[in-house]
Amino acid sequence: MLIQVLNGLVYGGLLYILAVGLVLIFGLRRVVNFAHGSLFMIGSYVGFSLASQGYFLGGLLVAIATLAVMGALLDWIVFRPLQREYQIVTVLVTFGILLVLQDLAQSIWGKDFLTLQPPSYLAGSVMLAGSEFPVYRLMVIGVAVVVAVGLTIWLKVSRIGLYVRASSVDPLTVALQGVNTNRVSAIVVAIGAALAGLSGTVAAPLMALSPSMGGYILIDSFIVVVVGGLGSFSGAFFAALLIGEIHNFGVVYVPWAASMIPFVLMVGILIWRPSGLAGVRA
Amino acid sequence: MTKPLRRPAHFRRTFGGPSVFGTMPAVVGVALLLGLALPWLVNSALFFTLMTQAVISAILALSVGFLIRQNGVVSFGQAAFYGLAGYTIAIALKFQAMPVEAAILLALAGPTAFAFLLGLVIVRSPGIAFSMLTLAVGQAFYEVLYKWRELANGDDGLAIRLPRQLFGLAIGTFQRPSSMFVVSWIALVAATALLNWIANGHFGRLTVAIRENEERARFVGYGTIVPRAGIYAVSAFLAALAGVLIALYNGFVSPDLLHWNLSGSALIMAIIGGARVLWGPALGALVFFFFKNVASNYTEHWPAMIGLSLIAVTVLLPTGLGGALAAMAERRSRWARG
């Protein structure tokens with residue numbers, strides 16, 4: 001039982017890291033990045049390329065750095081020029097980017113599934129309440145906790161964090177106060193993308209790598225973001241834990257309906273609260 | 001057909017002008033004749049294989065485009081209704097629960113009713129959340145059918161046990177490309193006419209008003225949730241119609257029919273063709289298929305090319321090919337009038 005709860009935390013943690021990147025970008029830019037799953041996928045492949053040579057930590061850092069650069073470029077080339085357009089224009093453009101990135105990954109790393117072993121110092125397992133649990137999975141939970149704590153402190157303490165929190169509540173008033181979100185957006189989008197790179201590399205030993213691997217987790221993280229309330233950091237946190245646990249218990253006990261449960265839960269929550277758990281009514 | 005309505009000038013400016021809508025019965029007649037004549041004019045099996053697929057996809061693209069046009073929202077999960085319709089027929093015939101004609105009616109009514117109920121919940125979400133939710137809904141159904149081996153034979157898909165005759169026609173009519181092309185073409189023309197009728201009626205104009213400013217529509221005294229859910233149901237109906245056609249044509253259904261790749265392709269067709277004019281998405285589907293067919297001879301990077309085309313059209317040509325053509329036609333007619 002404890003093992004199942006922990007497994008749910010592993011998936012919930014990965015979802016949280018991905019979803020909170022979406023929330024960050026949405027908070028400042030008011031757009032949803034449909035290419036976020038592909039950023040996760042690219043992060044996975046970049047991490048894989050080094051980790052499979054024995055440099056897991058190096059792969060992790062390079063993936064984070066690569067994705068941070070891609071995020072800054074994304075803000076500079078896509079989000080900034082399109083900020084006066086309808087949101088849906090940016091959604092469609094990021095959807096186009098998703099297709100391009102998938103094709104790119106396929107030409108570099110091929111169509112076949114790739115698998116990665118966890119690094120030797122994180123291999124093996126520990127005894128927890130009478131059953132074995134892989135050390136690597138514990139580490140994943142740890143990374144998610146570190147991200148959650150670090151991000152919360154950053155959002156509460158730093159000035160950029162203040163801008164992000166403020167503009168995720170009311171972008172108009174923030175602009176009226178003379179805050180130029182353009183000046184900080186490249187950093188914020190870079191952090192959001194870097195988090196996708198982080199979760200991609202961390203997830204690589206847990207799943208099979210393929211150019212379309214970002215699809216499933218993107219959809220689950222969308223459910224997290226919508227259920228938590230678009231633009232809410234705490235909402236995303238609790239929704240990620242909830243969806244992670246429910247997904248995991250579903251897979252174990254009712255495999256044929258596992259994918260339906262988050263969906264039914266989502267519909268239920270939206271009937272109860274149309275703007276999500278922590279959402280404010282528009 | 002209903003008699004053409006007179007519309008105020010601002011309406012014409014927004015939606016492409018009287019040249020397209022005012023002469024609807026004539027346009028429908030010409031379109032039908034063209035489609036019926038094509039099998040006599042062209043004698044190429046490959047051409048009709050391609051055309052039949054393109055026309056069925058055009059109906060799916062129309063359903064996406066209609067949602068954009070009337071509700072101003074983008075669906076990333078339209079293939080769910082397309083696939084569910086196909087599976088409804090396959091499963092109903094697998095258990096011999098009903099005659100095939102009844103199964104087809106159920107395949108059209110089921111997804112439509114489901115979309116209406118789902119719409120009552122999800123149209124409340126702001127546009128961007130709506131897109132994310134449609135994607136999630138579509139993928140949820142995909143995975144259920146992918147994994148549920150007892151009911152739907154999992155990822156291997158199901159062959160449909162079709163009878164010899166359907167609506168009094170030999171089943172071969174629906175499975176030979178040249179004749180199925182005619183059937184699909186009639187369905188496409190009928191679907192476009194239906195959408196035109198809805199869009200120009202009270203319901204269509206009400207939903208455009210809601211799209212433009214939901215708050216004002218509410219102040220005027222209209223409920224806004226039910227009409228928007230209604231549009232979602234109409235678009236699901238069209239997707240289901242396309243699903244019925246593809247299921248009959250292939251005689252086989254698989255989870256791929258519901259995959260979001262397909263929803264994405266339908267959306268791309270709708271955007272390339274342009275959703276502002278009703279027939280734009282159908283044009284987009286035809287262009288998509290021929291472009292794809294040509295490109296497959298030269299490059300393996302079709303997904304990247306289509307991604308780049310999507311970006312280019314979205315940014316540079318927001319009204320799509322259809323919108324550009326309609327604008328050109330309007331300029332010409334204005335020029336002709338002097």
# chains A, B, ... in the order shown; residues from 1 in each chain; ligands from 1
$ interface_residues --of "chain B" --to "chain A" --cutoff "7 Å" --atoms "only C-alpha atoms" --output "JSON, numbers by chain"
{"B": [121, 124, 125, 128, 129, 132, 135, 136, 137, 140, 143, 144, 147, 148, 301, 303, 304, 307, 308, 310, 311, 314]}
$ residues_around --residues "Leu162 of chain A" --least-positions-apart "2" --cutoff "12 Å" --atoms "only C-alpha atoms" --output "compact mmCIF listing (two decimals) with C-alpha atoms, in the first residue's frame"
# COMPACT_ATOMS: atom_id res chain seq x y z
CA LEU A 24 4.74 29.91 -14.81
CA GLY A 27 1.09 33.38 -15.30
CA LEU A 28 3.21 35.90 -17.12
CA LEU A 151 10.05 27.64 -6.58
CA THR A 152 7.78 28.70 -3.72
CA ILE A 153 10.62 30.57 -2.01
CA TRP A 154 11.66 32.19 -5.30
CA LEU A 155 8.09 33.26 -6.02
CA LYS A 156 7.63 34.69 -2.52
CA VAL A 157 10.98 36.41 -2.13
CA SER A 158 12.21 37.65 -5.50
CA ARG A 159 10.87 40.62 -7.40
CA ILE A 160 10.33 38.56 -10.56
CA VAL A 164 4.66 36.48 -11.85
CA ARG A 165 2.27 35.99 -8.94
CA ALA A 166 0.69 39.39 -9.45
CA SER A 167 0.21 39.04 -13.19
CA SER A 168 -1.22 35.54 -12.85
CA VAL A 169 -4.00 37.12 -10.77
CA VAL A 174 0.10 44.79 -13.01
CA VAL A 179 5.57 46.65 -14.55
CA THR A 181 6.54 41.99 -18.07
CA VAL A 184 11.36 39.42 -17.14
CA VAL A 188 10.41 33.13 -16.62
$ select_by_dssp --residues "segment 85-268 of chain B" --states "strand (DSSP E or B)" --output "list in words"
Leu158, Ala159, Gln165, Leu166, Leu169, Ala170, Phe252 and Val253 of chain B
$ write_last_selection --atoms "C-alpha atoms" --output "PDB file, in the first residue's frame"
ATOM      1  CA  LEU B 158     -12.213  -4.563 -34.860  1.00  0.00           C
ATOM      2  CA  ALA B 159     -13.421  -5.726 -38.232  1.00  0.00           C
ATOM      3  CA  GLN B 165     -26.952  -4.547 -48.089  1.00  0.00           C
ATOM      4  CA  LEU B 166     -27.157  -1.146 -46.506  1.00  0.00           C
ATOM      5  CA  LEU B 169     -27.591  -0.527 -51.668  1.00  0.00           C
ATOM      6  CA  ALA B 170     -25.025  -3.277 -52.089  1.00  0.00           C
ATOM      7  CA  PHE B 252     -12.589  -1.819 -39.872  1.00  0.00           C
ATOM      8  CA  VAL B 253     -12.010   0.390 -36.841  1.00  0.00           C
TER       9      VAL B 253
END
$ closest_residue --among "A:Leu195, A:Ala51, A:Leu265, A:Leu122" --to "Val146 of chain A" --atoms "only C-alpha atoms"
A:Leu195
$ residues_around --residues "segment 55-60 of chain B" --least-positions-apart "3" --cutoff "7 Å" --atoms "only C-alpha atoms" --output "JSON, numbers by chain"
{"B": [51, 52, 63, 64, 184, 185, 188, 238, 239, 242, 245, 246, 266, 281, 282, 285, 286]}
$ write_last_selection --atoms "C-alpha atoms" --output "tab-separated table (two decimals), in the first residue's frame"
chain	number	residue	atom	x	y	z
B	51	MET	CA	-10.28	11.85	-52.98
B	52	THR	CA	-12.53	9.65	-50.83
B	63	SER	CA	-16.67	20.11	-37.73
B	64	VAL	CA	-13.52	21.66	-36.25
B	184	SER	CA	-19.00	11.03	-49.23
B	185	TRP	CA	-19.26	13.96	-51.59
B	188	LEU	CA	-19.99	16.77	-47.58
B	238	LEU	CA	-20.38	16.17	-38.19
B	239	ALA	CA	-17.35	14.39	-36.77
B	242	ALA	CA	-17.29	11.43	-40.99
B	245	LEU	CA	-18.33	7.04	-43.47
B	246	ILE	CA	-14.76	5.98	-42.74
B	266	ALA	CA	-8.24	17.99	-38.74
B	281	PRO	CA	-11.94	23.76	-43.73
B	282	ALA	CA	-13.14	21.46	-46.52
B	285	ALA	CA	-8.61	19.17	-46.25
B	286	LEU	CA	-8.35	18.81	-50.04
$ residues_around --residues "Ile68 of chain B" --least-positions-apart "3" --cutoff "10 Å" --atoms "only C-alpha atoms" --output "VMD selection string"
chain B and resid 62 to 65 71 to 75 211 231 to 232 235 267 270 to 271 274 to 276
$ closest_residue --among "B:Ala109, B:Ile89, B:Ala102, B:Val294" --to "Ala152 of chain B" --atoms "only C-alpha atoms"
B:Ile89
$ atom_distance --atom1 "atom CA of Ile141 of chain A" --atom2 "atom CA of Ser212 of chain A"
24.4 Å
$ residues_around --residues "Ser199 of chain A" --least-positions-apart "5" --cutoff "8 Å" --atoms "only C-alpha atoms" --output "JSON, numbers by chain"
{"A": [14, 17, 18, 40, 43, 44]}
$ write_last_selection --atoms "N, CA and C atoms" --output "PDB file, in the first residue's frame"
ATOM      1  N   LEU A  14       6.595  14.211 -11.096  1.00  0.00           N
ATOM      2  CA  LEU A  14       6.960  14.543 -12.479  1.00  0.00           C
ATOM      3  C   LEU A  14       5.910  15.467 -13.095  1.00  0.00           C
ATOM      4  N   ILE A  17       6.317  19.022 -11.773  1.00  0.00           N
ATOM      5  CA  ILE A  17       7.423  19.798 -12.346  1.00  0.00           C
ATOM      6  C   ILE A  17       7.036  20.299 -13.740  1.00  0.00           C
ATOM      7  N   LEU A  18       6.361  19.449 -14.502  1.00  0.00           N
ATOM      8  CA  LEU A  18       5.963  19.845 -15.853  1.00  0.00           C
ATOM      9  C   LEU A  18       4.845  20.889 -15.801  1.00  0.00           C
ATOM     10  N   PHE A  40       9.720  18.576 -22.879  1.00  0.00           N
ATOM     11  CA  PHE A  40       9.964  17.436 -21.990  1.00  0.00           C
ATOM     12  C   PHE A  40      10.691  16.330 -22.752  1.00  0.00           C
ATOM     13  N   GLY A  43      14.231  17.315 -23.591  1.00  0.00           N
ATOM     14  CA  GLY A  43      15.006  17.213 -22.355  1.00  0.00           C
ATOM     15  C   GLY A  43      15.405  15.773 -22.082  1.00  0.00           C
ATOM     16  N   SER A  44      14.459  14.868 -22.299  1.00  0.00           N
ATOM     17  CA  SER A  44      14.712  13.453 -22.089  1.00  0.00           C
ATOM     18  C   SER A  44      15.832  12.949 -22.994  1.00  0.00           C
TER      19      SER A  44
END
$ atom_distance --atom1 "atom CA of Pro255 of chain B" --atom2 "atom CA of Asn153 of chain B"
9.7 Å
$ select_by_dssp --residues "segment 25-163 of chain A" --states "alpha helix (DSSP H)" --output "JSON, numbers by chain"
{"A": [25, 26, 27, 28, 29, 36, 37, 38, 39, 40, 41, 42, 43, 44, 45, 46, 47, 48, 49, 50, 51, 56, 57, 58, 59, 60, 61, 62, 63, 64, 65, 66, 67, 68, 69, 70, 71, 72, 73, 74, 87, 88, 89, 90, 91, 92, 93, 94, 95, 96, 97, 98, 99, 100, 101, 102, 103, 104, 105, 106, 107, 108, 109, 135, 136, 137, 138, 139, 140, 141, 142, 143, 144, 145, 146, 147, 148, 149, 150, 151, 152, 153, 154, 155, 156, 157, 159, 160, 161, 162, 163]}
$ residues_around --residues "Ile191 of chain A" --least-positions-apart "6" --cutoff "9 Å" --atoms "only C-alpha atoms" --output "JSON, numbers by chain"
{"A": [21, 24, 25, 64, 67, 68, 71, 72]}
$ write_last_selection --atoms "N, CA and C atoms" --output "mmCIF file, in the first residue's frame"
data_model
loop_
_atom_site.group_PDB
_atom_site.id
_atom_site.type_symbol
_atom_site.label_atom_id
_atom_site.label_comp_id
_atom_site.auth_asym_id
_atom_site.auth_seq_id
_atom_site.Cartn_x
_atom_site.Cartn_y
_atom_site.Cartn_z
ATOM 1 N N GLY A 21 5.737 24.437 -14.749
ATOM 2 C CA GLY A 21 6.348 25.200 -15.841
ATOM 3 C C GLY A 21 5.286 25.842 -16.720
ATOM 4 N N LEU A 24 3.832 28.761 -14.777
ATOM 5 C CA LEU A 24 4.740 29.912 -14.808
ATOM 6 C C LEU A 24 4.562 30.697 -16.096
ATOM 7 N N ILE A 25 4.605 29.970 -17.227
ATOM 8 C CA ILE A 25 4.499 30.634 -18.522
ATOM 9 C C ILE A 25 3.126 31.271 -18.668
ATOM 10 N N ILE A 64 18.968 20.756 -18.733
ATOM 11 C CA ILE A 64 18.360 21.951 -18.138
ATOM 12 C C ILE A 64 18.827 23.199 -18.885
ATOM 13 N N LEU A 67 17.373 23.440 -22.480
ATOM 14 C CA LEU A 67 15.961 23.805 -22.491
ATOM 15 C C LEU A 67 15.764 25.235 -22.032
ATOM 16 N N ALA A 68 16.621 25.710 -21.122
ATOM 17 C CA ALA A 68 16.508 27.110 -20.703
ATOM 18 C C ALA A 68 16.740 28.026 -21.906
ATOM 19 N N GLY A 71 13.798 27.879 -24.130
ATOM 20 C CA GLY A 71 12.696 28.643 -23.547
ATOM 21 C C GLY A 71 12.853 30.126 -23.811
ATOM 22 N N ALA A 72 14.081 30.625 -23.617
ATOM 23 C CA ALA A 72 14.312 32.052 -23.856
ATOM 24 C C ALA A 72 14.047 32.391 -25.324
#
$ decode --residues "segment 173-262 of chain B" --atoms "C-alpha atoms" --output "mmCIF file, in the first residue's frame"
data_model
loop_
_atom_site.group_PDB
_atom_site.id
_atom_site.type_symbol
_atom_site.label_atom_id
_atom_site.label_comp_id
_atom_site.auth_asym_id
_atom_site.auth_seq_id
_atom_site.Cartn_x
_atom_site.Cartn_y
_atom_site.Cartn_z
ATOM 1 C CA THR B 173 -21.053 0.766 -52.997
ATOM 2 C CA PHE B 174 -19.568 1.953 -49.715
ATOM 3 C CA GLN B 175 -16.244 0.215 -50.123
ATOM 4 C CA ARG B 176 -15.291 0.905 -53.741
ATOM 5 C CA PRO B 177 -13.386 4.216 -53.927
ATOM 6 C CA SER B 178 -15.195 5.603 -56.992
ATOM 7 C CA SER B 179 -18.704 5.023 -55.624
ATOM 8 C CA MET B 180 -17.825 5.839 -52.009
ATOM 9 C CA PHE B 181 -16.424 9.100 -53.285
ATOM 10 C CA VAL B 182 -19.894 10.005 -54.557
ATOM 11 C CA VAL B 183 -21.541 9.012 -51.254
ATOM 12 C CA SER B 184 -19.005 11.030 -49.230
ATOM 13 C CA TRP B 185 -19.264 13.964 -51.589
ATOM 14 C CA ILE B 186 -23.047 14.072 -51.169
ATOM 15 C CA ALA B 187 -22.520 13.930 -47.396
ATOM 16 C CA LEU B 188 -19.987 16.771 -47.581
ATOM 17 C CA VAL B 189 -22.287 18.989 -49.644
ATOM 18 C CA ALA B 190 -25.236 18.205 -47.346
ATOM 19 C CA ALA B 191 -23.091 18.928 -44.272
ATOM 20 C CA THR B 192 -21.970 22.279 -45.683
ATOM 21 C CA ALA B 193 -25.565 23.196 -46.542
ATOM 22 C CA LEU B 194 -26.676 22.210 -43.035
ATOM 23 C CA LEU B 195 -23.972 24.356 -41.461
ATOM 24 C CA ASN B 196 -24.875 27.256 -43.730
ATOM 25 C CA TRP B 197 -28.509 26.948 -42.683
ATOM 26 C CA ILE B 198 -27.607 26.838 -38.984
ATOM 27 C CA ALA B 199 -25.075 29.660 -39.223
ATOM 28 C CA ASN B 200 -27.549 31.997 -40.911
ATOM 29 C CA GLY B 201 -30.453 31.197 -38.617
ATOM 30 C CA HIS B 202 -31.239 32.659 -35.230
ATOM 31 C CA PHE B 203 -29.180 30.048 -33.399
ATOM 32 C CA GLY B 204 -26.103 30.704 -35.528
ATOM 33 C CA ARG B 205 -26.274 34.460 -35.103
ATOM 34 C CA LEU B 206 -26.882 34.139 -31.385
ATOM 35 C CA THR B 207 -23.755 32.039 -30.970
ATOM 36 C CA VAL B 208 -21.698 34.498 -33.016
ATOM 37 C CA ALA B 209 -22.960 37.239 -30.695
ATOM 38 C CA ILE B 210 -21.921 35.154 -27.691
ATOM 39 C CA ARG B 211 -18.542 34.528 -29.292
ATOM 40 C CA GLU B 212 -18.001 38.249 -29.760
ATOM 41 C CA ASN B 213 -19.081 39.226 -26.257
ATOM 42 C CA GLU B 214 -20.540 36.670 -23.904
ATOM 43 C CA GLU B 215 -21.257 39.176 -21.158
ATOM 44 C CA ARG B 216 -23.327 41.448 -23.392
ATOM 45 C CA ALA B 217 -25.268 38.496 -24.779
ATOM 46 C CA ARG B 218 -26.095 37.566 -21.195
ATOM 47 C CA PHE B 219 -27.168 41.124 -20.411
ATOM 48 C CA VAL B 220 -29.483 41.136 -23.415
ATOM 49 C CA GLY B 221 -31.148 38.190 -21.729
ATOM 50 C CA TYR B 222 -29.804 35.076 -23.458
ATOM 51 C CA GLY B 223 -28.476 32.022 -21.698
ATOM 52 C CA THR B 224 -25.026 31.428 -23.155
ATOM 53 C CA ILE B 225 -24.077 27.937 -21.985
ATOM 54 C CA VAL B 226 -26.776 25.935 -23.795
ATOM 55 C CA PRO B 227 -26.262 27.545 -27.239
ATOM 56 C CA ARG B 228 -22.508 27.016 -27.002
ATOM 57 C CA ALA B 229 -23.000 23.398 -25.950
ATOM 58 C CA GLY B 230 -25.424 23.123 -28.896
ATOM 59 C CA ILE B 231 -22.730 24.234 -31.345
ATOM 60 C CA TYR B 232 -20.337 21.721 -29.782
ATOM 61 C CA ALA B 233 -22.999 19.036 -30.324
ATOM 62 C CA VAL B 234 -23.471 20.050 -33.988
ATOM 63 C CA SER B 235 -19.737 19.855 -34.561
ATOM 64 C CA ALA B 236 -19.630 16.450 -32.844
ATOM 65 C CA PHE B 237 -22.465 15.319 -35.120
ATOM 66 C CA LEU B 238 -20.381 16.166 -38.192
ATOM 67 C CA ALA B 239 -17.348 14.389 -36.769
ATOM 68 C CA ALA B 240 -19.556 11.354 -36.113
ATOM 69 C CA LEU B 241 -20.861 11.521 -39.702
ATOM 70 C CA ALA B 242 -17.295 11.426 -40.985
ATOM 71 C CA GLY B 243 -16.605 8.545 -38.585
ATOM 72 C CA VAL B 244 -19.560 6.537 -39.906
ATOM 73 C CA LEU B 245 -18.334 7.044 -43.474
ATOM 74 C CA ILE B 246 -14.761 5.976 -42.741
ATOM 75 C CA ALA B 247 -15.970 2.938 -40.781
ATOM 76 C CA LEU B 248 -18.176 1.781 -43.666
ATOM 77 C CA TYR B 249 -15.437 2.511 -46.190
ATOM 78 C CA ASN B 250 -12.702 0.606 -44.364
ATOM 79 C CA GLY B 251 -14.962 -2.045 -42.813
ATOM 80 C CA PHE B 252 -12.589 -1.819 -39.872
ATOM 81 C CA VAL B 253 -12.010 0.390 -36.841
ATOM 82 C CA SER B 254 -8.893 0.822 -34.695
ATOM 83 C CA PRO B 255 -7.969 3.140 -31.799
ATOM 84 C CA ASP B 256 -5.966 5.282 -34.242
ATOM 85 C CA LEU B 257 -9.283 6.782 -35.337
ATOM 86 C CA LEU B 258 -9.442 8.514 -31.946
ATOM 87 C CA HIS B 259 -5.810 9.491 -31.599
ATOM 88 C CA TRP B 260 -5.045 13.157 -31.100
ATOM 89 C CA ASN B 261 -2.748 13.085 -34.136
ATOM 90 C CA LEU B 262 -5.918 12.858 -36.176
#
